[in-house]
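start31.txt, holding compact mmCIF, C-alpha atoms and all ligand atoms:
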# COMPACT_ATOMS: atom_id res chain seq x y z
CA MET A 1288 110.64 143.02 86.17
CA ILE A 1289 111.45 146.32 87.84
CA GLY A 1290 114.99 147.50 87.43
CA VAL A 1291 116.40 145.34 84.64
CA THR A 1292 116.41 148.16 82.10
CA GLU A 1293 117.99 150.56 84.58
CA ASN A 1294 120.56 148.00 85.66
CA PHE A 1295 121.37 147.26 82.05
CA ARG A 1296 121.96 150.93 81.25
CA LYS A 1297 124.07 151.31 84.37
CA ILE A 1298 126.28 148.32 83.57
CA GLN A 1299 126.73 149.55 80.00
CA ASP A 1300 128.04 152.84 81.40
CA LEU A 1301 130.28 151.03 83.89
CA LEU A 1302 131.74 148.80 81.17
CA ALA A 1303 132.42 151.84 79.00
CA LYS A 1304 134.12 153.52 81.93
CA ALA A 1305 136.23 150.44 82.70
CA ALA A 1306 137.25 150.25 79.04
CA ALA A 1307 138.24 153.92 79.03
CA ASP A 1308 140.23 153.47 82.26
CA ALA A 1309 142.02 150.55 80.64
CA GLY A 1310 142.75 152.61 77.53
CA ARG A 1311 140.59 150.35 75.39
CA SER A 1312 137.76 150.97 73.00
CA GLY A 1313 134.51 149.47 74.23
CA ASP A 1314 133.85 148.10 70.75
CA HIS A 1315 135.60 144.83 71.44
CA ILE A 1316 133.97 144.13 74.79
CA ARG A 1317 130.77 142.19 74.53
CA LEU A 1318 128.34 142.09 77.43
CA LEU A 1319 126.94 138.61 78.03
CA ALA A 1320 123.83 138.84 80.24
CA VAL A 1321 123.79 135.76 82.49
CA SER A 1322 120.13 134.91 83.00
CA LYS A 1323 120.36 131.61 84.87
CA ARG A 1324 117.50 131.06 87.32
CA LYS A 1325 115.86 134.30 86.15
CA PRO A 1326 112.47 134.35 84.43
CA VAL A 1327 111.81 134.81 80.74
CA GLU A 1328 110.23 138.21 81.50
CA ALA A 1329 113.60 139.48 82.75
CA ILE A 1330 115.31 138.29 79.57
CA LEU A 1331 112.67 139.93 77.40
CA GLU A 1332 113.03 143.19 79.30
CA ALA A 1333 116.79 143.20 78.77
CA ALA A 1334 116.27 142.30 75.10
CA ALA A 1335 113.82 145.18 74.72
CA ALA A 1336 116.50 147.49 76.16
CA GLY A 1337 118.90 146.31 73.47
CA GLN A 1338 120.76 143.36 74.99
CA ARG A 1339 121.47 140.56 72.49
CA ASP A 1340 123.72 137.98 74.16
CA PHE A 1341 122.38 135.78 76.94
CA GLY A 1342 124.17 133.12 78.98
CA GLU A 1343 122.58 130.06 80.55
CA ASN A 1344 124.16 127.44 82.84
CA PHE A 1345 121.64 124.62 82.83
CA VAL A 1346 120.78 122.73 79.67
CA GLN A 1347 117.08 122.13 80.20
CA GLU A 1348 116.37 125.59 81.57
CA GLY A 1349 118.34 127.18 78.74
CA VAL A 1350 116.59 125.24 76.01
CA GLU A 1351 113.17 126.14 77.41
CA LYS A 1352 114.07 129.82 77.51
CA ILE A 1353 115.46 129.71 73.98
CA GLY A 1354 112.15 128.20 72.88
CA LYS A 1355 110.22 131.01 74.52
CA CYS A 1356 112.46 133.95 73.60
CA GLY A 1357 113.53 132.85 70.13
CA ARG A 1358 116.83 132.67 68.32
CA ASP A 1359 116.32 135.11 65.47
CA ASP A 1360 117.39 138.22 67.33
CA LEU A 1361 119.16 136.79 70.36
CA ILE A 1362 122.47 134.98 70.72
CA TRP A 1363 122.57 132.16 73.26
CA HIS A 1364 125.71 131.12 75.11
CA PHE A 1365 126.04 127.96 77.16
CA ILE A 1366 128.29 128.72 80.16
CA GLY A 1367 127.58 125.86 82.58
CA HIS A 1368 129.25 122.54 83.16
CA LEU A 1369 128.48 120.31 80.19
CA GLN A 1370 128.01 116.56 80.59
CA SER A 1371 128.60 114.41 77.55
CA ASN A 1372 125.03 113.02 77.54
CA LYS A 1373 123.66 116.57 77.13
CA THR A 1374 125.80 117.78 74.25
CA ARG A 1375 123.28 117.14 71.47
CA VAL A 1376 120.65 119.59 72.58
CA VAL A 1377 123.34 122.19 73.29
CA ALA A 1378 124.82 121.69 69.80
CA GLU A 1379 121.34 122.14 68.34
CA SER A 1380 120.21 125.15 70.36
CA PHE A 1381 123.08 127.42 71.35
CA GLN A 1382 125.43 129.56 69.24
CA TRP A 1383 128.28 129.53 71.76
CA VAL A 1384 129.68 127.12 74.34
CA HIS A 1385 132.20 128.66 76.76
CA THR A 1386 132.93 125.61 78.86
CA VAL A 1387 134.58 122.96 76.70
CA ASP A 1388 137.13 121.27 78.96
CA ARG A 1389 137.91 117.99 77.22
CA LEU A 1390 138.22 116.61 73.74
CA LYS A 1391 135.32 114.19 74.15
CA ILE A 1392 132.89 117.08 74.63
CA ALA A 1393 134.31 118.98 71.66
CA ARG A 1394 134.07 115.89 69.42
CA ARG A 1395 130.45 115.32 70.36
CA LEU A 1396 129.53 118.97 69.78
CA SER A 1397 131.27 118.81 66.41
CA GLU A 1398 129.42 115.63 65.38
CA GLN A 1399 126.08 116.85 66.68
CA ARG A 1400 126.11 120.42 65.34
CA PRO A 1401 123.44 120.48 62.63
CA VAL A 1402 125.02 120.78 59.18
CA ASP A 1403 122.70 123.60 58.18
CA ALA A 1404 123.63 125.71 61.23
CA ALA A 1405 126.52 128.17 61.41
CA ASP A 1406 129.63 126.78 63.08
CA LEU A 1407 129.31 126.55 66.86
CA ASN A 1408 131.58 129.04 68.60
CA VAL A 1409 133.51 127.42 71.42
CA CYS A 1410 135.88 128.49 74.16
CA ILE A 1411 138.06 126.25 76.29
CA GLU A 1412 137.43 126.61 80.00
CA VAL A 1413 140.73 126.90 81.85
CA ASN A 1414 141.09 126.10 85.55
CA ILE A 1415 143.32 129.12 85.90
CA ASP A 1416 143.83 128.89 89.67
CA ALA A 1417 144.22 125.08 89.54
CA GLU A 1418 141.44 124.65 92.10
CA GLU A 1419 140.47 121.08 93.01
CA SER A 1420 136.77 121.92 93.07
CA LYS A 1421 136.59 123.62 89.68
CA SER A 1422 136.16 122.24 86.22
CA GLY A 1423 138.31 123.39 83.36
CA VAL A 1424 141.51 122.16 81.78
CA ASN A 1425 144.86 122.78 83.45
CA PRO A 1426 146.85 125.61 81.84
CA ALA A 1427 149.62 123.16 80.87
CA ASP A 1428 147.16 121.09 78.83
CA VAL A 1429 145.50 123.93 76.93
CA GLN A 1430 147.86 123.95 73.96
CA ASP A 1431 147.26 120.30 73.01
CA LEU A 1432 143.51 120.53 73.51
CA ALA A 1433 143.25 123.77 71.50
CA THR A 1434 145.24 122.29 68.62
CA GLU A 1435 142.91 119.30 68.46
CA ILE A 1436 139.69 121.28 68.79
CA ALA A 1437 140.78 123.72 66.09
CA GLU A 1438 140.76 120.80 63.62
CA LEU A 1439 137.17 119.76 64.27
CA PRO A 1440 134.51 120.57 61.66
CA ARG A 1441 131.45 122.65 62.51
CA LEU A 1442 133.18 124.17 65.52
CA ARG A 1443 134.96 127.48 65.55
CA LEU A 1444 137.44 127.69 68.39
CA ARG A 1445 137.25 131.31 69.53
CA GLY A 1446 139.35 131.46 72.70
CA LEU A 1447 139.53 130.84 76.41
CA MET A 1448 137.23 131.25 79.38
CA CYS A 1449 137.91 131.23 83.13
CA LEU A 1450 136.10 131.52 86.43
CA PRO A 1451 138.80 132.38 88.98
CA ALA A 1452 138.60 132.14 92.74
CA ILE A 1453 136.98 135.18 94.36
CA ARG A 1454 139.37 137.95 95.28
CA GLU A 1455 138.49 141.34 96.73
CA ASP A 1456 141.50 143.37 95.76
CA PHE A 1457 141.66 144.80 92.23
CA ALA A 1458 145.37 144.03 91.73
CA GLU A 1459 144.79 140.45 92.93
CA GLN A 1460 141.74 140.10 90.69
CA ARG A 1461 143.85 140.99 87.68
CA LYS A 1462 146.38 138.17 88.13
CA PRO A 1463 144.34 135.17 86.90
CA PHE A 1464 142.95 137.28 84.05
CA ALA A 1465 146.48 138.25 83.04
CA ALA A 1466 147.44 134.58 83.12
CA LEU A 1467 144.53 133.71 80.80
CA ARG A 1468 145.51 136.52 78.42
CA GLU A 1469 149.10 135.28 78.32
CA LEU A 1470 147.85 131.78 77.58
CA LEU A 1471 145.79 133.09 74.66
CA GLU A 1472 148.78 135.04 73.37
CA SER A 1473 150.94 131.92 73.46
CA LEU A 1474 148.31 129.92 71.55
CA ASN A 1475 148.17 132.64 68.93
CA SER A 1476 151.93 132.75 68.60
CA SER A 1477 151.82 128.99 67.98
CA GLY A 1478 149.66 129.63 64.93
CA LEU A 1479 146.07 129.59 66.19
CA ARG A 1480 143.90 132.61 65.54
CA LEU A 1481 141.81 133.14 68.65
CA ASP A 1482 139.98 136.37 69.40
CA THR A 1483 138.03 135.71 72.61
CA LEU A 1484 138.78 136.04 76.31
CA SER A 1485 135.58 135.25 78.21
CA MET A 1486 136.36 136.51 81.69
CA GLY A 1487 134.95 138.80 84.39
CA MET A 1488 131.59 138.80 86.18
CA SER A 1489 129.60 141.31 88.26
CA ALA A 1490 132.27 141.57 90.95
CA ASP A 1491 135.43 141.60 88.83
CA TYR A 1492 134.58 142.75 85.29
CA ALA A 1493 136.74 145.87 85.61
CA ALA A 1494 139.87 143.82 86.39
CA ALA A 1495 139.04 141.48 83.49
CA ILE A 1496 138.61 144.40 81.10
CA HIS A 1497 142.01 145.73 82.18
CA GLU A 1498 143.50 142.40 81.15
CA GLY A 1499 141.83 142.23 77.77
CA ALA A 1500 138.44 140.57 78.29
CA THR A 1501 136.39 140.50 75.09
CA ILE A 1502 133.30 138.98 76.71
CA VAL A 1503 132.25 139.78 80.27
CA ARG A 1504 129.59 137.54 81.78
CA VAL A 1505 127.36 139.60 84.04
CA GLY A 1506 124.35 138.25 85.92
CA THR A 1507 123.65 139.84 89.30
CA ALA A 1508 124.44 143.40 88.23
CA ILE A 1509 121.73 143.17 85.56
CA PHE A 1510 119.10 140.82 86.99
CA GLY A 1511 119.66 141.18 90.74
CA GLU A 1512 120.61 138.54 93.29
CA ARG A 1513 119.63 134.97 92.50
CA GLU A 1514 117.48 132.93 94.89
C1 LIG A 1601 126.55 132.84 87.27
C2 LIG A 1601 127.71 133.01 86.36
C3 LIG A 1601 128.13 134.28 85.94
C4 LIG A 1601 127.51 135.57 86.43
O1 LIG A 1601 127.85 135.81 87.76
P1 LIG A 1601 127.41 137.18 88.49
O2 LIG A 1601 128.31 137.22 89.65
O3 LIG A 1601 125.97 137.02 88.85
O4 LIG A 1601 127.64 138.29 87.54
C5 LIG A 1601 129.18 134.34 85.05
N1 LIG A 1601 129.79 133.23 84.58
C6 LIG A 1601 129.43 132.00 84.97
C7 LIG A 1601 130.13 130.82 84.43
C8 LIG A 1601 128.38 131.86 85.89
O5 LIG A 1601 128.04 130.62 86.27
Would you mind writing the structure in this file as structure tokens?
Amino acid sequence: MIGVTENFRKIQDLLAKAAADAGRSGDHIRLLAVSKRKPVEAILEAAAAGQRDFGENFVQEGVEKIGKCGRDDLIWHFIGHLQSNKTRVVAESFQWVHTVDRLKIARRLSEQRPVDAADLNVCIEVNIDAEESKSGVNPADVQDLATEIAELPRLRLRGLMCLPAIREDFAEQRKPFAALRELLESLNSSGLRLDTLSMGMSADYAAAIHEGATIVRVGTAIFGERE
């Protein structure tokens, strides 16, 4: 797959630059390579270049790729919409789920996480712009959901994730990310200990990094446009 290695190096440099511009160390910004609808060869090329974290949106596709690429060296993140009848295979195969948006899903993941596996890392997806068409919990409901999820065994609640509406302007892009950061800060001041803000994609990672992103989810900038 021509270009993946080059793209990967380029995005690493761009993330480091965005971190420096934001006055942050790059050490706490993890690049999640979003490989949905891209072939296994592209994942393996990125892995050979040093990438470890991969994000998949579709359960069946993700599980097949995990089977082919392996789980010993790679870390797999589920970032798509999760239906309750598909939680078991996600709980068995992935190390992270970024898109928990209701207690029912969290309970099932908790019950279905194999006892011999490490705790499943989860983030709550927040509908930060309160868009009708988007999944995610409303900001006003995050506190209650987070408190309940934090009690569940075999899950480790790590933080919050969002997928804001597309905005062109940098200052505008920052606003929903700032709102997510403030939400995380308020959860932490209520006694939770969350360390993850999963926010920013190919078009807006710099704004997300300025607002404290700890995981940026980048697909197109690494693997090219999707079909
Ligand atoms: C596809 C996707 C991404 C990556 O988007 P790009 O614009 O290709 O970087 C990130 N997060 C989620 C939830 C996605 O579905």
Sorted per-residue table, chain A near ligand LIG 1601 (chain A), closest atoms and distance, 6 Å, only C-alpha atoms and all ligand atoms, as a tab-separated table:
residue	atom	partner	partner_atom	distance
A:Val1321	CA	A:LIG1601	C4	5.4
A:Ile1366	CA	A:LIG1601	C7	5.1
A:Gly1367	CA	A:LIG1601	C7	5.9
A:Met1488	CA	A:LIG1601	O4	4.2
A:Ser1489	CA	A:LIG1601	O4	3.7
A:Arg1504	CA	A:LIG1601	C5	4.6
A:Val1505	CA	A:LIG1601	O4	3.7
A:Gly1506	CA	A:LIG1601	O3	3.6
A:Thr1507	CA	A:LIG1601	O3	3.7
query: Of the candidates A:Ala1334, A:Val1503, A:Leu1439, A:Leu1471, which shows the shortest atom-to-atom distance to A:Leu1319, using all atoms listed in the file?
result: A:Val1503
field: Pairwise distance for atom CA of A:Glu1472 and atom CA of A:Leu1444, rounded to one decimal in Å
entry: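 For atom CA of A:Glu1472 relative to atom CA of A:Leu1444, the distance reads 14.4 Å.
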Interatomic distance, atom CA of A:Val1424 to atom CA of A:Thr1483 (Å, one decimal): 16.7 Å
- prompt: Neighbours of A:Glu1332 within 12 Å (only C-alpha atoms; same-chain residues fewer than 5 positions away dropped), as a PyMOL selection string?
  reply: chain A and resi 1288-1296+1320+1322+1325-1327+1337-1339+1356+1509-1510
Counting only C-alpha atoms, select every polymer residue within 12 Å of (139.2, 117.9, 64.1) as defined in the file's coordinates, and provide the selection as a PDB file with C-alpha atoms, in the frame of the given file.
ATOM      1  CA  LEU A1390     138.220 116.610  73.740  1.00  0.00           C
ATOM      2  CA  LYS A1391     135.320 114.190  74.150  1.00  0.00           C
ATOM      3  CA  ALA A1393     134.310 118.980  71.660  1.00  0.00           C
ATOM      4  CA  ARG A1394     134.070 115.890  69.420  1.00  0.00           C
ATOM      5  CA  ARG A1395     130.450 115.320  70.360  1.00  0.00           C
ATOM      6  CA  LEU A1396     129.530 118.970  69.780  1.00  0.00           C
ATOM      7  CA  SER A1397     131.270 118.810  66.410  1.00  0.00           C
ATOM      8  CA  GLU A1398     129.420 115.630  65.380  1.00  0.00           C
ATOM      9  CA  LEU A1432     143.510 120.530  73.510  1.00  0.00           C
ATOM     10  CA  ALA A1433     143.250 123.770  71.500  1.00  0.00           C
ATOM     11  CA  THR A1434     145.240 122.290  68.620  1.00  0.00           C
ATOM     12  CA  GLU A1435     142.910 119.300  68.460  1.00  0.00           C
ATOM     13  CA  ILE A1436     139.690 121.280  68.790  1.00  0.00           C
ATOM     14  CA  ALA A1437     140.780 123.720  66.090  1.00  0.00           C
ATOM     15  CA  GLU A1438     140.760 120.800  63.620  1.00  0.00           C
ATOM     16  CA  LEU A1439     137.170 119.760  64.270  1.00  0.00           C
ATOM     17  CA  PRO A1440     134.510 120.570  61.660  1.00  0.00           C
ATOM     18  CA  ARG A1441     131.450 122.650  62.510  1.00  0.00           C
ATOM     19  CA  LEU A1442     133.180 124.170  65.520  1.00  0.00           C
ATOM     20  CA  ARG A1443     134.960 127.480  65.550  1.00  0.00           C
ATOM     21  CA  LEU A1444     137.440 127.690  68.390  1.00  0.00           C
TER      22      LEU A1444
END
N, CA, C and O atoms for stretch 1363-1382 of chain A, written as an mmCIF file, in the frame of the given file, could you do that?
data_model
loop_
_atom_site.group_PDB
_atom_site.id
_atom_site.type_symbol
_atom_site.label_atom_id
_atom_site.label_comp_id
_atom_site.auth_asym_id
_atom_site.auth_seq_id
_atom_site.Cartn_x
_atom_site.Cartn_y
_atom_site.Cartn_z
ATOM 1 N N TRP A 1363 122.593 132.949 72.022
ATOM 2 C CA TRP A 1363 122.570 132.160 73.260
ATOM 3 C C TRP A 1363 123.905 131.475 73.495
ATOM 4 O O TRP A 1363 124.438 130.800 72.611
ATOM 5 N N HIS A 1364 124.401 131.656 74.728
ATOM 6 C CA HIS A 1364 125.710 131.120 75.110
ATOM 7 C C HIS A 1364 125.509 130.110 76.239
ATOM 8 O O HIS A 1364 124.901 130.439 77.266
ATOM 9 N N PHE A 1365 126.066 128.921 76.070
ATOM 10 C CA PHE A 1365 126.040 127.960 77.160
ATOM 11 C C PHE A 1365 127.304 128.151 77.991
ATOM 12 O O PHE A 1365 128.419 128.068 77.468
ATOM 13 N N ILE A 1366 127.131 128.399 79.310
ATOM 14 C CA ILE A 1366 128.290 128.720 80.160
ATOM 15 C C ILE A 1366 128.380 127.815 81.379
ATOM 16 O O ILE A 1366 129.177 128.074 82.282
ATOM 17 N N GLY A 1367 127.560 126.745 81.418
ATOM 18 C CA GLY A 1367 127.580 125.860 82.580
ATOM 19 C C GLY A 1367 128.443 124.629 82.334
ATOM 20 O O GLY A 1367 129.029 124.454 81.262
ATOM 21 N N HIS A 1368 128.511 123.783 83.322
ATOM 22 C CA HIS A 1368 129.250 122.540 83.160
ATOM 23 C C HIS A 1368 128.473 121.631 82.212
ATOM 24 O O HIS A 1368 127.276 121.444 82.377
ATOM 25 N N LEU A 1369 129.164 121.100 81.221
ATOM 26 C CA LEU A 1369 128.480 120.310 80.190
ATOM 27 C C LEU A 1369 128.843 118.839 80.316
ATOM 28 O O LEU A 1369 130.009 118.462 80.223
ATOM 29 N N GLN A 1370 127.812 118.010 80.534
ATOM 30 C CA GLN A 1370 128.010 116.560 80.590
ATOM 31 C C GLN A 1370 127.866 115.990 79.187
ATOM 32 O O GLN A 1370 127.085 116.505 78.384
ATOM 33 N N SER A 1371 128.562 114.895 78.932
ATOM 34 C CA SER A 1371 128.600 114.410 77.550
ATOM 35 C C SER A 1371 127.230 113.912 77.083
ATOM 36 O O SER A 1371 126.932 113.966 75.890
ATOM 37 N N ASN A 1372 126.355 113.486 77.991
ATOM 38 C CA ASN A 1372 125.030 113.020 77.540
ATOM 39 C C ASN A 1372 124.074 114.169 77.232
ATOM 40 O O ASN A 1372 122.939 113.944 76.845
ATOM 41 N N LYS A 1373 124.534 115.416 77.414
ATOM 42 C CA LYS A 1373 123.660 116.570 77.130
ATOM 43 C C LYS A 1373 124.183 117.414 75.970
ATOM 44 O O LYS A 1373 123.673 118.507 75.719
ATOM 45 N N THR A 1374 125.200 116.923 75.277
ATOM 46 C CA THR A 1374 125.800 117.780 74.250
ATOM 47 C C THR A 1374 124.882 118.011 73.058
ATOM 48 O O THR A 1374 124.935 119.075 72.443
ATOM 49 N N ARG A 1375 124.047 117.012 72.717
ATOM 50 C CA ARG A 1375 123.280 117.140 71.470
ATOM 51 C C ARG A 1375 122.365 118.356 71.481
ATOM 52 O O ARG A 1375 122.377 119.178 70.553
ATOM 53 N N VAL A 1376 121.612 118.486 72.559
ATOM 54 C CA VAL A 1376 120.650 119.590 72.580
ATOM 55 C C VAL A 1376 121.382 120.939 72.649
ATOM 56 O O VAL A 1376 120.934 121.936 72.092
ATOM 57 N N VAL A 1377 122.543 120.950 73.272
ATOM 58 C CA VAL A 1377 123.340 122.190 73.290
ATOM 59 C C VAL A 1377 123.842 122.507 71.884
ATOM 60 O O VAL A 1377 123.751 123.659 71.423
ATOM 61 N N ALA A 1378 124.331 121.482 71.181
ATOM 62 C CA ALA A 1378 124.820 121.690 69.800
ATOM 63 C C ALA A 1378 123.707 122.167 68.881
ATOM 64 O O ALA A 1378 123.948 122.878 67.914
ATOM 65 N N GLU A 1379 122.474 121.779 69.199
ATOM 66 C CA GLU A 1379 121.340 122.140 68.340
ATOM 67 C C GLU A 1379 120.745 123.510 68.674
ATOM 68 O O GLU A 1379 120.076 124.100 67.843
ATOM 69 N N SER A 1380 120.964 123.978 69.910
ATOM 70 C CA SER A 1380 120.210 125.150 70.360
ATOM 71 C C SER A 1380 121.031 126.412 70.569
ATOM 72 O O SER A 1380 120.509 127.511 70.411
ATOM 73 N N PHE A 1381 122.266 126.253 70.987
ATOM 74 C CA PHE A 1381 123.080 127.420 71.350
ATOM 75 C C PHE A 1381 123.991 127.838 70.195
ATOM 76 O O PHE A 1381 124.290 127.035 69.311
ATOM 77 N N GLN A 1382 124.447 129.099 70.239
ATOM 78 C CA GLN A 1382 125.430 129.560 69.240
ATOM 79 C C GLN A 1382 126.851 129.558 69.783
ATOM 80 O O GLN A 1382 127.809 129.639 69.030
#
